[in-house]
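Q: my_file_2.pdb (PDB, C-alpha atoms) pasted underneath:
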```pdb
ATOM      1  CA  MET A 164      16.637  -0.205 -17.364
ATOM      2  CA  ARG A 165      16.285  -2.149 -20.580
ATOM      3  CA  THR A 166      19.229  -3.832 -22.233
ATOM      4  CA  PRO A 167      19.408  -6.234 -25.159
ATOM      5  CA  ALA A 168      20.562  -8.990 -22.805
ATOM      6  CA  LEU A 169      17.612  -8.367 -20.483
ATOM      7  CA  ASP A 170      15.226  -8.364 -23.464
ATOM      8  CA  LYS A 171      16.590 -11.757 -24.563
ATOM      9  CA  PHE A 172      16.391 -13.132 -21.026
ATOM     10  CA  CYS A 173      12.757 -12.017 -20.695
ATOM     11  CA  ALA A 174      11.916 -13.519 -24.094
ATOM     12  CA  TRP A 175      13.541 -16.787 -23.023
ATOM     13  CA  ILE A 176      11.563 -16.873 -19.753
ATOM     14  CA  GLU A 177       8.302 -16.215 -21.628
ATOM     15  CA  GLN A 178       8.954 -19.291 -23.787
ATOM     16  CA  THR A 179       9.531 -21.683 -20.879
ATOM     17  CA  GLN A 180       6.896 -24.279 -20.012
ATOM     18  CA  LEU A 181       6.459 -22.722 -16.563
ATOM     19  CA  SER A 182       5.762 -19.271 -18.003
ATOM     20  CA  GLN A 183       3.383 -20.678 -20.607
ATOM     21  CA  THR A 184       1.481 -22.598 -17.928
ATOM     22  CA  ILE A 185       1.234 -19.532 -15.693
ATOM     23  CA  GLN A 186      -0.012 -17.419 -18.609
ATOM     24  CA  ILE A 187      -2.870 -19.805 -19.506
ATOM     25  CA  THR A 188      -3.965 -20.903 -16.015
ATOM     26  CA  ASP A 189      -6.603 -18.426 -14.844
ATOM     27  CA  TRP A 190      -6.350 -19.165 -11.121
ATOM     28  CA  PHE A 191      -2.564 -19.276 -10.839
ATOM     29  CA  VAL A 192      -1.652 -15.575 -10.690
ATOM     30  CA  PRO A 193      -4.412 -14.572  -8.213
ATOM     31  CA  THR A 194      -3.461 -17.496  -5.964
ATOM     32  CA  VAL A 195       0.252 -16.684  -6.007
ATOM     33  CA  GLN A 196      -0.490 -12.968  -5.548
ATOM     34  CA  THR A 197      -2.587 -13.818  -2.481
ATOM     35  CA  VAL A 198       0.261 -15.844  -0.969
ATOM     36  CA  HIS A 199       2.703 -13.042  -1.835
ATOM     37  CA  ILE A 200       0.505 -10.363  -0.238
ATOM     38  CA  LEU A 201      -0.040 -12.419   2.927
ATOM     39  CA  ALA A 202       3.711 -12.963   3.196
ATOM     40  CA  ILE A 203       4.269  -9.218   2.738
ATOM     41  CA  ALA A 204       1.795  -8.585   5.555
ATOM     42  CA  ALA A 205       3.701 -10.979   7.831
ATOM     43  CA  VAL A 206       7.102  -9.458   7.059
ATOM     44  CA  MET A 207       5.807  -5.920   7.410
ATOM     45  CA  THR A 208       4.087  -6.669  10.712
ATOM     46  CA  ALA A 209       7.252  -8.219  12.122
ATOM     47  CA  ALA A 210       9.494  -5.451  10.768
ATOM     48  CA  VAL A 211       7.218  -2.683  12.049
ATOM     49  CA  MET A 212       6.908  -4.225  15.517
ATOM     50  CA  LEU A 213      10.650  -4.785  15.751
ATOM     51  CA  ASN A 214      11.484  -1.273  14.562
ATOM     52  CA  LEU A 215       8.873   0.362  16.795
ATOM     53  CA  ARG A 216      10.503  -1.420  19.733
ATOM     54  CA  MET A 217      13.899  -0.201  18.536
ATOM     55  CA  LEU A 218      12.487   3.335  18.515
ATOM     56  CA  GLY A 219      11.085   2.861  22.021
ATOM     57  CA  VAL A 220       7.516   3.487  20.881
ATOM     58  CA  VAL A 221       6.194   0.091  22.010
ATOM     59  CA  GLY A 222       7.376  -2.622  24.376
ATOM     60  CA  ARG A 223       9.745  -0.487  26.395
ATOM     61  CA  GLY A 224       9.439  -2.882  29.331
ATOM     62  CA  GLU A 225      10.613  -5.825  27.241
ATOM     63  CA  PRO A 226      14.267  -6.262  26.274
ATOM     64  CA  LEU A 227      14.970  -5.672  22.593
ATOM     65  CA  ALA A 228      16.612  -9.099  22.373
ATOM     66  CA  SER A 229      13.373 -10.878  23.339
ATOM     67  CA  VAL A 230      11.306  -8.781  20.911
ATOM     68  CA  ALA A 231      13.843  -9.550  18.189
ATOM     69  CA  ALA A 232      13.746 -13.250  19.060
ATOM     70  CA  ARG A 233       9.964 -13.188  18.615
ATOM     71  CA  PHE A 234       9.797 -11.273  15.321
ATOM     72  CA  ARG A 235      13.099 -12.066  13.568
ATOM     73  CA  PRO A 236      12.025 -15.624  12.615
ATOM     74  CA  ILE A 237       8.884 -14.287  10.968
ATOM     75  CA  ILE A 238      11.019 -12.043   8.770
ATOM     76  CA  TRP A 239      13.566 -14.715   7.828
ATOM     77  CA  TRP A 240      11.088 -17.563   7.300
ATOM     78  CA  THR A 241       8.744 -15.425   5.213
ATOM     79  CA  LEU A 242      11.388 -14.005   2.871
ATOM     80  CA  PRO A 243      11.827 -17.356   1.052
ATOM     81  CA  VAL A 244       8.048 -17.501   0.530
ATOM     82  CA  LEU A 245       8.242 -14.028  -0.996
ATOM     83  CA  LEU A 246      11.182 -15.089  -3.141
ATOM     84  CA  VAL A 247       9.390 -18.135  -4.562
ATOM     85  CA  SER A 248       6.038 -16.405  -5.050
ATOM     86  CA  GLY A 249       7.768 -13.382  -6.582
ATOM     87  CA  MET A 250       9.752 -15.564  -8.969
ATOM     88  CA  LEU A 251       6.559 -17.304 -10.063
ATOM     89  CA  LEU A 252       4.887 -13.950 -10.714
ATOM     90  CA  ILE A 253       7.922 -12.805 -12.688
ATOM     91  CA  ALA A 254       7.904 -16.030 -14.701
ATOM     92  CA  GLY A 255       4.339 -15.277 -15.774
ATOM     93  CA  GLU A 256       5.154 -11.752 -16.987
ATOM     94  CA  PRO A 257       8.934 -11.246 -17.023
ATOM     95  CA  VAL A 258       8.970  -8.007 -19.031
ATOM     96  CA  ARG A 259       6.450  -6.369 -16.704
ATOM     97  CA  SER A 260       8.810  -6.807 -13.779
ATOM     98  CA  LEU A 261      12.386  -7.307 -14.846
ATOM     99  CA  GLU A 262      12.480  -4.377 -17.276
ATOM    100  CA  ASN A 263      10.585  -2.033 -14.949
ATOM    101  CA  TRP A 264      12.823   0.472 -13.155
ATOM    102  CA  ILE A 265      10.461   0.472 -10.160
ATOM    103  CA  PHE A 266      10.903  -3.290  -9.783
ATOM    104  CA  GLN A 267      14.657  -2.856  -9.995
ATOM    105  CA  MET A 268      14.474  -0.142  -7.322
ATOM    106  CA  LYS A 269      12.336  -2.460  -5.173
ATOM    107  CA  MET A 270      15.016  -5.146  -5.357
ATOM    108  CA  LEU A 271      17.718  -2.646  -4.352
ATOM    109  CA  LEU A 272      15.571  -1.494  -1.420
ATOM    110  CA  LEU A 273      15.046  -5.119  -0.416
ATOM    111  CA  ILE A 274      18.778  -5.818  -0.433
ATOM    112  CA  ALA A 275      19.346  -2.704   1.671
ATOM    113  CA  ALA A 276      16.568  -3.697   4.119
ATOM    114  CA  ILE A 277      18.049  -7.163   4.531
ATOM    115  CA  ILE A 278      21.505  -5.703   5.182
ATOM    116  CA  VAL A 279      20.138  -3.204   7.737
ATOM    117  CA  THR A 280      18.134  -5.949   9.457
ATOM    118  CA  ILE A 281      21.161  -8.238   9.676
ATOM    119  CA  ALA A 282      23.383  -5.388  10.879
ATOM    120  CA  SER A 283      20.946  -4.383  13.609
ATOM    121  CA  GLN A 284      20.305  -7.930  14.816
ATOM    122  CA  ALA A 285      23.828  -9.390  14.632
ATOM    123  CA  PRO A 286      25.118  -7.656  17.798
ATOM    124  CA  LEU A 287      22.238  -9.176  19.796
ATOM    125  CA  LYS A 288      23.544 -12.678  19.136
ATOM    126  CA  LYS A 289      26.802 -11.863  20.954
ATOM    127  CA  ASP A 290      25.373  -9.526  23.597
ATOM    128  CA  SER A 291      21.621  -9.494  24.191
ATOM    129  CA  ALA A 292      21.907  -6.112  25.932
ATOM    130  CA  TYR A 293      24.026  -4.524  23.175
ATOM    131  CA  TRP A 294      21.400  -1.996  22.082
ATOM    132  CA  ASP A 295      20.075  -1.399  25.600
ATOM    133  CA  ALA A 296      23.017   0.888  26.359
ATOM    134  CA  THR A 297      22.421   4.612  26.514
ATOM    135  CA  GLY A 298      24.134   7.354  24.576
ATOM    136  CA  ALA A 299      25.538   6.816  21.092
ATOM    137  CA  ARG A 300      24.220   3.265  20.755
ATOM    138  CA  ARG A 301      20.692   4.395  21.578
ATOM    139  CA  GLY A 302      20.926   7.130  18.939
ATOM    140  CA  ALA A 303      22.359   4.705  16.395
ATOM    141  CA  LEU A 304      19.576   2.219  17.139
ATOM    142  CA  LYS A 305      16.909   4.846  16.520
ATOM    143  CA  LEU A 306      18.560   5.866  13.257
ATOM    144  CA  VAL A 307      18.746   2.233  12.153
ATOM    145  CA  ALA A 308      15.060   1.774  13.024
ATOM    146  CA  VAL A 309      13.991   4.829  11.012
ATOM    147  CA  VAL A 310      16.079   3.744   8.020
ATOM    148  CA  SER A 311      14.734   0.197   8.285
ATOM    149  CA  LEU A 312      11.119   1.365   8.448
ATOM    150  CA  ALA A 313      11.668   3.645   5.463
ATOM    151  CA  LEU A 314      13.192   0.786   3.469
ATOM    152  CA  TRP A 315      10.384  -1.684   4.251
ATOM    153  CA  VAL A 316       7.690   0.891   3.476
ATOM    154  CA  GLY A 317       9.554   1.805   0.286
ATOM    155  CA  ILE A 318       9.571  -1.859  -0.753
ATOM    156  CA  VAL A 319       5.810  -2.139  -0.323
ATOM    157  CA  CYS A 320       5.154   1.149  -2.143
ATOM    158  CA  ALA A 321       7.456   0.166  -4.999
ATOM    159  CA  GLY A 322       5.717  -3.204  -5.220
ATOM    160  CA  ARG A 323       2.359  -1.517  -5.683
ATOM    161  CA  TRP A 324       3.830   1.066  -8.068
ATOM    162  CA  ILE A 325       5.157  -1.593 -10.461
ATOM    163  CA  ALA A 326       1.695  -2.091 -11.925
ATOM    164  CA  TYR A 327       1.412   1.582 -12.880
ATOM    165  CA  VAL A 328       4.774   2.125 -14.582
TER     166      VAL A 328
END
```
Here is a file; write its structure as structure tokens.
A:
Amino acid sequence: MRTPALDKFCAWIEQTQLSQTIQITDWFVPTVQTVHILAIAAVMTAAVMLNLRMLGVVGRGEPLASVAARFRPIIWWTLPVLLVSGMLLIAGEPVRSLENWIFQMKMLLLIAAIIVTIASQAPLKKDSAYWDATGARRGALKLVAVVSLALWVGIVCAGRWIAYV
């Protein structure tokens, strides 16, 4: 979605010293993209493992709370790396990202994935066996896991799609 304000903001970013440096330094973008992709791999691995456990596909013998304790830090510590590397990539080509509807969709999916992840993990801090109950909670947990997986996969697909729109 393009707006005059967004156009002006992108033009301003392109004129900053940081953006100019990124645009003329040949090694910068590939290096930052590599860091960004490795961070995506870490977040996706942690999210997939956590959600597969929530679905009961893997690690059934291990309590969900201990699986979450293992993988949750990877998600939360890697997101700032993605934020910084993503902002640097945007600074180099702001129009390519900020005015691209796929990028905007990716950001909405990311916000939703973060909310779902927080919502699914918060009860474990109060009661480590919260999701281990049977019945409605088990069904809700599986639904949350499917939605979470769909969101994380959607984020990755949207990230790749940005280059083609």
Q: Give as number ranges by chain the residues that the PyMOL selection byres ((chain A and resi 255-261) around 10) matches when applied to the coordinates above.
A: A: 164-165, 169-170, 172-177, 179, 181-187, 191-192, 249-254, 262-267, 322, 325-326, 328
Q: Taking into account only C-alpha atoms, which residue in the set A:Arg300, A:His199, A:Lys171, A:Lys305 is nearest to Ser248 (chain A)?
A: A:His199
Q: Looking at A:Val195, A:Ala209, A:Val247, A:Val220, which one is nearest to Arg235 (chain A), with distances taken over all atoms listed in the file?
A: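 The answer is A:Ala209, which sits nearest to Arg235 (chain A).
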Q: From the set A:Leu272, A:Ala292, A:Val221, A:Ile237, which residue has the shortest atom-to-atom contact distance to Ala204 (chain A), counting only C-alpha atoms?
A: A:Ile237
Q: Between A:Leu245, A:Ala231, A:Trp240, A:Cys320, which one has atoms that come closest to Gln196 (chain A), using only C-alpha atoms?
A: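 The answer is A:Leu245, which sits nearest to Gln196 (chain A).
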